[in-house]
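Since the structure comes first, as structure tokens, the remarks are kept for the end.
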Amino acid sequence: MIEYIRGELAELSPATAVIDCNGVGYAANISLNTYSAIQGKKTCKLYVYEAIREDAYVLYGFADKQERAIFLLLISVSGIGGNTARMILSALSPAELVNVIGTENANLLKTVKGIGLKTAQRIIVDLKDKITTVGVSDGGISASGTTLLPAVNTEVHDEAVAALTMLGFATAPSQKVVTAILKEEPSAPVEKVIKWALKRL
């Protein structure tokens, strides 16, 4: 079992990171929180969850153990797979998610794409007693690095659309939503644009 991967950050997008570890490139699916934490770095360490299925071998990477612990709790809920858990952790920081579950705020949880009211309620019921053991600080990991990206509309637009496409959204509606967001907030960094888009798509 892989516990973590540490090496040179060879490639990075809001949805994936490639870590060059002694000449071998490991591609890991990441959340926006992890993207914010590692962007701008030359080397990084990602804690890993391995999803091994008959048809695929997928790595999920996390900037810290707390986010991975929450991810593992989320996928323990019936009906929540790795991509849905990553979507939740892209829309909400770990600290926000702990707060949402602790206060039983199903309405906020169901604003995440693919999460209906019943699923949101199931997450809260299943995890309310478990989530407090994770020990996430209020600072979360989404607070870091939001000013590192240049406020160049075309770059932010293209990167945001590419990330949304990797997350499973169709290109045309993604472009429409991202364009609308950038008209409202021209200087928004890419991770903010994607977070807002996730709530509108």
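We label chains A, B, ... in the order they appear in the structure tokens, count residues from 1 in each chain, and number ligands from 1 in the order shown.
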
Stretch 63-75 of chain A environment, 9 Å, only C-alpha atoms, sequence neighbours closer than 4 positions dropped, as a PDB file with N, CA, C and O atoms, in the first residue's frame:
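Saved file around_4.pdb follows:
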```
ATOM      1  N   ILE A  30      -6.745  14.986  -7.569  1.00  0.00           N
ATOM      2  CA  ILE A  30      -6.704  15.844  -6.386  1.00  0.00           C
ATOM      3  C   ILE A  30      -7.951  16.722  -6.314  1.00  0.00           C
ATOM      4  O   ILE A  30      -8.657  16.899  -7.310  1.00  0.00           O
ATOM      5  N   ASN A  33      -8.812  21.863  -2.890  1.00  0.00           N
ATOM      6  CA  ASN A  33      -8.111  22.215  -1.649  1.00  0.00           C
ATOM      7  C   ASN A  33      -6.638  21.830  -1.731  1.00  0.00           C
ATOM      8  O   ASN A  33      -5.753  22.606  -1.375  1.00  0.00           O
ATOM      9  N   THR A  34      -6.377  20.623  -2.227  1.00  0.00           N
ATOM     10  CA  THR A  34      -4.996  20.180  -2.383  1.00  0.00           C
ATOM     11  C   THR A  34      -4.289  20.998  -3.463  1.00  0.00           C
ATOM     12  O   THR A  34      -3.129  21.383  -3.311  1.00  0.00           O
ATOM     13  N   TYR A  35      -4.996  21.295  -4.545  1.00  0.00           N
ATOM     14  CA  TYR A  35      -4.429  22.139  -5.613  1.00  0.00           C
ATOM     15  C   TYR A  35      -3.967  23.474  -5.039  1.00  0.00           C
ATOM     16  O   TYR A  35      -2.859  23.938  -5.322  1.00  0.00           O
ATOM     17  N   ALA A  37      -3.125  24.134  -2.024  1.00  0.00           N
ATOM     18  CA  ALA A  37      -2.031  23.948  -1.071  1.00  0.00           C
ATOM     19  C   ALA A  37      -0.683  23.715  -1.750  1.00  0.00           C
ATOM     20  O   ALA A  37       0.357  24.075  -1.206  1.00  0.00           O
ATOM     21  N   ILE A  38      -0.688  23.096  -2.947  1.00  0.00           N
ATOM     22  CA  ILE A  38       0.587  22.726  -3.564  1.00  0.00           C
ATOM     23  C   ILE A  38       0.965  23.566  -4.772  1.00  0.00           C
ATOM     24  O   ILE A  38       2.084  23.459  -5.264  1.00  0.00           O
ATOM     25  N   CYS A  44       6.658  18.396  -3.743  1.00  0.00           N
ATOM     26  CA  CYS A  44       5.562  18.274  -2.783  1.00  0.00           C
ATOM     27  C   CYS A  44       5.419  16.828  -2.320  1.00  0.00           C
ATOM     28  O   CYS A  44       6.010  15.912  -2.886  1.00  0.00           O
ATOM     29  N   LYS A  45       4.636  16.663  -1.287  1.00  0.00           N
ATOM     30  CA  LYS A  45       4.352  15.353  -0.715  1.00  0.00           C
ATOM     31  C   LYS A  45       2.836  15.185  -0.682  1.00  0.00           C
ATOM     32  O   LYS A  45       2.129  16.044  -0.152  1.00  0.00           O
ATOM     33  N   LEU A  46       2.346  14.130  -1.308  1.00  0.00           N
ATOM     34  CA  LEU A  46       0.909  13.866  -1.312  1.00  0.00           C
ATOM     35  C   LEU A  46       0.629  12.557  -0.586  1.00  0.00           C
ATOM     36  O   LEU A  46       1.258  11.530  -0.868  1.00  0.00           O
ATOM     37  N   TYR A  47      -0.289  12.609   0.360  1.00  0.00           N
ATOM     38  CA  TYR A  47      -0.774  11.383   0.998  1.00  0.00           C
ATOM     39  C   TYR A  47      -1.739  10.715   0.021  1.00  0.00           C
ATOM     40  O   TYR A  47      -2.504  11.390  -0.671  1.00  0.00           O
ATOM     41  N   VAL A  48      -1.683   9.407  -0.063  1.00  0.00           N
ATOM     42  CA  VAL A  48      -2.330   8.691  -1.163  1.00  0.00           C
ATOM     43  C   VAL A  48      -3.426   7.752  -0.672  1.00  0.00           C
ATOM     44  O   VAL A  48      -3.313   7.124   0.382  1.00  0.00           O
ATOM     45  N   TYR A  49      -4.497   7.695  -1.482  1.00  0.00           N
ATOM     46  CA  TYR A  49      -5.481   6.609  -1.354  1.00  0.00           C
ATOM     47  C   TYR A  49      -5.494   5.878  -2.690  1.00  0.00           C
ATOM     48  O   TYR A  49      -5.610   6.504  -3.742  1.00  0.00           O
ATOM     49  N   GLY A  79     -23.156   4.838  -1.755  1.00  0.00           N
ATOM     50  CA  GLY A  79     -23.479   5.689  -2.896  1.00  0.00           C
ATOM     51  C   GLY A  79     -22.456   6.775  -3.183  1.00  0.00           C
ATOM     52  O   GLY A  79     -22.570   7.492  -4.171  1.00  0.00           O
ATOM     53  N   ILE A  80     -21.439   6.914  -2.322  1.00  0.00           N
ATOM     54  CA  ILE A  80     -20.401   7.931  -2.536  1.00  0.00           C
ATOM     55  C   ILE A  80     -19.115   7.249  -3.005  1.00  0.00           C
ATOM     56  O   ILE A  80     -18.505   6.483  -2.273  1.00  0.00           O
ATOM     57  N   GLY A  81     -18.730   7.528  -4.246  1.00  0.00           N
ATOM     58  CA  GLY A  81     -17.490   6.983  -4.796  1.00  0.00           C
ATOM     59  C   GLY A  81     -16.364   8.002  -4.708  1.00  0.00           C
ATOM     60  O   GLY A  81     -16.555   9.122  -4.209  1.00  0.00           O
ATOM     61  N   GLY A  82     -15.214   7.627  -5.230  1.00  0.00           N
ATOM     62  CA  GLY A  82     -14.043   8.493  -5.147  1.00  0.00           C
ATOM     63  C   GLY A  82     -14.237   9.840  -5.816  1.00  0.00           C
ATOM     64  O   GLY A  82     -13.869  10.877  -5.272  1.00  0.00           O
ATOM     65  N   THR A  84     -17.061  11.429  -6.502  1.00  0.00           N
ATOM     66  CA  THR A  84     -18.042  12.251  -5.788  1.00  0.00           C
ATOM     67  C   THR A  84     -17.425  12.844  -4.529  1.00  0.00           C
ATOM     68  O   THR A  84     -17.629  14.016  -4.210  1.00  0.00           O
ATOM     69  N   ALA A  85     -16.629  12.035  -3.827  1.00  0.00           N
ATOM     70  CA  ALA A  85     -15.950  12.534  -2.623  1.00  0.00           C
ATOM     71  C   ALA A  85     -14.991  13.669  -2.982  1.00  0.00           C
ATOM     72  O   ALA A  85     -14.908  14.673  -2.284  1.00  0.00           O
ATOM     73  N   ARG A  86     -14.282  13.520  -4.106  1.00  0.00           N
ATOM     74  CA  ARG A  86     -13.372  14.569  -4.554  1.00  0.00           C
ATOM     75  C   ARG A  86     -14.163  15.830  -4.920  1.00  0.00           C
ATOM     76  O   ARG A  86     -13.724  16.944  -4.651  1.00  0.00           O
ATOM     77  N   ILE A  88     -16.989  16.796  -3.579  1.00  0.00           N
ATOM     78  CA  ILE A  88     -17.390  17.429  -2.316  1.00  0.00           C
ATOM     79  C   ILE A  88     -16.222  18.211  -1.729  1.00  0.00           C
ATOM     80  O   ILE A  88     -16.371  19.348  -1.272  1.00  0.00           O
ATOM     81  N   LEU A  89     -15.017  17.615  -1.751  1.00  0.00           N
ATOM     82  CA  LEU A  89     -13.839  18.269  -1.184  1.00  0.00           C
ATOM     83  C   LEU A  89     -13.305  19.397  -2.073  1.00  0.00           C
ATOM     84  O   LEU A  89     -12.440  20.154  -1.651  1.00  0.00           O
ATOM     85  N   SER A  93     -14.059  23.184   1.792  1.00  0.00           N
ATOM     86  CA  SER A  93     -12.794  22.845   2.446  1.00  0.00           C
ATOM     87  C   SER A  93     -13.079  21.815   3.545  1.00  0.00           C
ATOM     88  O   SER A  93     -14.225  21.685   3.989  1.00  0.00           O
ATOM     89  N   PRO A  94     -12.060  21.075   3.999  1.00  0.00           N
ATOM     90  CA  PRO A  94     -12.296  20.126   5.085  1.00  0.00           C
ATOM     91  C   PRO A  94     -12.952  20.766   6.301  1.00  0.00           C
ATOM     92  O   PRO A  94     -13.873  20.193   6.895  1.00  0.00           O
ATOM     93  N   LEU A  97     -16.580  21.387   5.557  1.00  0.00           N
ATOM     94  CA  LEU A  97     -17.338  20.137   5.516  1.00  0.00           C
ATOM     95  C   LEU A  97     -17.623  19.610   6.919  1.00  0.00           C
ATOM     96  O   LEU A  97     -18.729  19.152   7.213  1.00  0.00           O
ATOM     97  N   VAL A  98     -16.615  19.679   7.790  1.00  0.00           N
ATOM     98  CA  VAL A  98     -16.814  19.273   9.192  1.00  0.00           C
ATOM     99  C   VAL A  98     -17.928  20.101   9.825  1.00  0.00           C
ATOM    100  O   VAL A  98     -18.802  19.581  10.523  1.00  0.00           O
ATOM    101  N   ILE A 123     -25.122  11.259   4.287  1.00  0.00           N
ATOM    102  CA  ILE A 123     -23.747  11.632   4.664  1.00  0.00           C
ATOM    103  C   ILE A 123     -23.734  12.152   6.095  1.00  0.00           C
ATOM    104  O   ILE A 123     -22.892  11.770   6.918  1.00  0.00           O
ATOM    105  N   ASP A 126     -24.545   9.289   8.653  1.00  0.00           N
ATOM    106  CA  ASP A 126     -23.459   8.303   8.755  1.00  0.00           C
ATOM    107  C   ASP A 126     -22.192   8.871   9.395  1.00  0.00           C
ATOM    108  O   ASP A 126     -21.450   8.157  10.073  1.00  0.00           O
ATOM    109  N   LEU A 127     -21.930  10.161   9.152  1.00  0.00           N
ATOM    110  CA  LEU A 127     -20.622  10.705   9.533  1.00  0.00           C
ATOM    111  C   LEU A 127     -20.642  11.659  10.716  1.00  0.00           C
ATOM    112  O   LEU A 127     -19.577  12.065  11.193  1.00  0.00           O
ATOM    113  N   LYS A 130     -18.565  10.437  13.471  1.00  0.00           N
ATOM    114  CA  LYS A 130     -17.193  10.074  13.091  1.00  0.00           C
ATOM    115  C   LYS A 130     -16.349  11.287  12.720  1.00  0.00           C
ATOM    116  O   LYS A 130     -15.132  11.279  12.931  1.00  0.00           O
ATOM    117  N   ILE A 131     -16.981  12.303  12.149  1.00  0.00           N
ATOM    118  CA  ILE A 131     -16.242  13.425  11.561  1.00  0.00           C
ATOM    119  C   ILE A 131     -15.463  14.223  12.607  1.00  0.00           C
ATOM    120  O   ILE A 131     -14.423  14.802  12.317  1.00  0.00           O
ATOM    121  N   VAL A 134     -11.624  13.612  13.207  1.00  0.00           N
ATOM    122  CA  VAL A 134     -10.621  13.914  12.185  1.00  0.00           C
ATOM    123  C   VAL A 134      -9.676  15.018  12.633  1.00  0.00           C
ATOM    124  O   VAL A 134      -8.498  15.017  12.311  1.00  0.00           O
ATOM    125  N   GLY A 135     -10.201  15.997  13.374  1.00  0.00           N
ATOM    126  CA  GLY A 135      -9.351  17.061  13.914  1.00  0.00           C
ATOM    127  C   GLY A 135      -8.870  18.051  12.883  1.00  0.00           C
ATOM    128  O   GLY A 135      -7.685  18.322  12.771  1.00  0.00           O
ATOM    129  N   VAL A 136      -9.809  18.603  12.106  1.00  0.00           N
ATOM    130  CA  VAL A 136      -9.456  19.609  11.105  1.00  0.00           C
ATOM    131  C   VAL A 136      -9.480  20.986  11.744  1.00  0.00           C
ATOM    132  O   VAL A 136     -10.419  21.332  12.444  1.00  0.00           O
ATOM    133  N   ILE A 141      -7.220  23.882   4.446  1.00  0.00           N
ATOM    134  CA  ILE A 141      -6.067  23.970   3.568  1.00  0.00           C
ATOM    135  C   ILE A 141      -6.400  24.754   2.323  1.00  0.00           C
ATOM    136  O   ILE A 141      -5.614  24.851   1.417  1.00  0.00           O
TER     137      ILE A 141
END
```

**Report entry** Which of stretch 2-181 of chain A DSSP labels helix (DSSP H, G or I), written as an NGL selection string
**Finding:** :A and (32-38 or 65-75 or 82-91 or 94-102 or 106-109 or 117-131 or 153-166 or 171-181)

Report task. Fewer than 6 positions away in the same chain doesn't count, so skip those; otherwise give me all residues within 12 Å of A:Val24, counting only C-alpha atoms, as number ranges by chain. Result -> A: 5-10, 18

Using the selection just defined, write its residues with all heavy atoms as a PDB file, in the first residue's frame.
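Final output, saved to part22.pdb:
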```pdb
ATOM      1  N   ILE A   5       3.490   9.936  -1.616  1.00  0.00           N
ATOM      2  CA  ILE A   5       4.459  10.101  -2.696  1.00  0.00           C
ATOM      3  C   ILE A   5       5.099  11.472  -2.521  1.00  0.00           C
ATOM      4  O   ILE A   5       4.399  12.470  -2.349  1.00  0.00           O
ATOM      5  CB  ILE A   5       3.779  10.026  -4.083  1.00  0.00           C
ATOM      6  CG1 ILE A   5       3.128   8.654  -4.293  1.00  0.00           C
ATOM      7  CG2 ILE A   5       4.786  10.302  -5.187  1.00  0.00           C
ATOM      8  CD1 ILE A   5       2.226   8.586  -5.515  1.00  0.00           C
ATOM      9  N   ARG A   6       6.428  11.491  -2.525  1.00  0.00           N
ATOM     10  CA  ARG A   6       7.130  12.768  -2.424  1.00  0.00           C
ATOM     11  C   ARG A   6       8.100  12.891  -3.589  1.00  0.00           C
ATOM     12  O   ARG A   6       8.809  11.947  -3.909  1.00  0.00           O
ATOM     13  CB  ARG A   6       7.891  12.869  -1.100  1.00  0.00           C
ATOM     14  CG  ARG A   6       8.636  14.209  -0.952  1.00  0.00           C
ATOM     15  CD  ARG A   6       9.116  14.431   0.470  1.00  0.00           C
ATOM     16  NE  ARG A   6       9.904  13.320   0.962  1.00  0.00           N
ATOM     17  CZ  ARG A   6      10.105  13.054   2.257  1.00  0.00           C
ATOM     18  NH1 ARG A   6       9.549  13.818   3.178  1.00  0.00           N
ATOM     19  NH2 ARG A   6      10.853  12.041   2.632  1.00  0.00           N
ATOM     20  N   GLY A   7       8.093  14.041  -4.249  1.00  0.00           N
ATOM     21  CA  GLY A   7       8.991  14.232  -5.372  1.00  0.00           C
ATOM     22  C   GLY A   7       8.748  15.561  -6.048  1.00  0.00           C
ATOM     23  O   GLY A   7       8.091  16.454  -5.505  1.00  0.00           O
ATOM     24  N   GLU A   8       9.286  15.663  -7.259  1.00  0.00           N
ATOM     25  CA  GLU A   8       9.135  16.907  -8.021  1.00  0.00           C
ATOM     26  C   GLU A   8       7.726  16.995  -8.606  1.00  0.00           C
ATOM     27  O   GLU A   8       7.187  16.006  -9.107  1.00  0.00           O
ATOM     28  CB  GLU A   8      10.169  16.918  -9.148  1.00  0.00           C
ATOM     29  CG  GLU A   8      10.163  18.196  -9.969  1.00  0.00           C
ATOM     30  CD  GLU A   8      11.168  18.139 -11.119  1.00  0.00           C
ATOM     31  OE1 GLU A   8      12.130  17.351 -11.010  1.00  0.00           O
ATOM     32  OE2 GLU A   8      10.966  18.870 -12.096  1.00  0.00           O
ATOM     33  N   LEU A   9       7.138  18.174  -8.511  1.00  0.00           N
ATOM     34  CA  LEU A   9       5.802  18.393  -9.068  1.00  0.00           C
ATOM     35  C   LEU A   9       5.962  18.639 -10.568  1.00  0.00           C
ATOM     36  O   LEU A   9       6.287  19.731 -11.008  1.00  0.00           O
ATOM     37  CB  LEU A   9       5.137  19.593  -8.378  1.00  0.00           C
ATOM     38  CG  LEU A   9       3.664  19.858  -8.650  1.00  0.00           C
ATOM     39  CD1 LEU A   9       2.809  18.626  -8.371  1.00  0.00           C
ATOM     40  CD2 LEU A   9       3.171  21.027  -7.814  1.00  0.00           C
ATOM     41  N   ALA A  10       5.763  17.578 -11.359  1.00  0.00           N
ATOM     42  CA  ALA A  10       6.032  17.641 -12.798  1.00  0.00           C
ATOM     43  C   ALA A  10       4.907  18.337 -13.563  1.00  0.00           C
ATOM     44  O   ALA A  10       5.158  19.118 -14.481  1.00  0.00           O
ATOM     45  CB  ALA A  10       6.245  16.235 -13.352  1.00  0.00           C
ATOM     46  N   VAL A  18       0.904  15.385 -11.166  1.00  0.00           N
ATOM     47  CA  VAL A  18       1.865  14.337 -11.525  1.00  0.00           C
ATOM     48  C   VAL A  18       3.133  14.580 -10.722  1.00  0.00           C
ATOM     49  O   VAL A  18       3.754  15.645 -10.829  1.00  0.00           O
ATOM     50  CB  VAL A  18       2.171  14.328 -13.036  1.00  0.00           C
ATOM     51  CG1 VAL A  18       3.229  13.269 -13.348  1.00  0.00           C
ATOM     52  CG2 VAL A  18       0.906  14.063 -13.846  1.00  0.00           C
TER      53      VAL A  18
END
```

Query raised in the report: Separation of atom CA of A:Val178 and atom CA of A:Pro14, in Å?
Result: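 These two atoms are separated by 14.1 Å.
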
Requested in this report: Write out as a count of residues only the residues lying within 9 Å of A:Leu182, counting only C-alpha atoms and excluding same-chain residues fewer than 3 positions away.
Outcome: 11
